[in-house]
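Data block below; observations after.
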Amino acid sequence: MLITDFGQERILFEVVSAFATVGLSTGITAGMPPAGQVVLILLMFIGRLGPVTLGTALALRSRPIMYEYPKERPLIG
């Protein structure tokens with residue numbers, strides 16, 4: 001908001017849309033200064049990698065094993 005003259009609602013919409021990688025826009029991106037466009041690009045990149053990284057970290061974390069396999073072979077017959 002400090003580097004553009006657009007309203008708060010339009011900027012907030014652009015920022016949330018960029019972070020969520022939705023693809024919606026109010027059309028102000030082309031009129032923003034290069035610094036504002038870089039901020040939106042970074043938000044798109046973080047929004048794309050953030051959920052993937054979090055999901056991978058939760059899926060691949062080590063958990064303590066709460067069970068134990070038998071150590072001997074059972075006798076059959």
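Every chain in the structure tokens takes a letter, A first, then B, and so on in the order presented; its residues are numbered from 1, and the ligands are numbered from 1 following the presented order.
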Near-segment 25-32 of chain A list (8 Å; only C-alpha atoms; drop same-chain fewer than 6 positions) as a ChimeraX atom specification: /A:4,6,10,13-14,17
Leu40 of chain A surroundings by only C-alpha atoms, 8 Å radius, close-in-sequence under 6 positions cut, as a list in words: Glu14, Val15, Ala18 and Phe19 of chain A
Alpha helix (DSSP H) residues, from DSSP on the backbone, in chain A, as an NGL selection string: :A and (8-19 or 34-59)
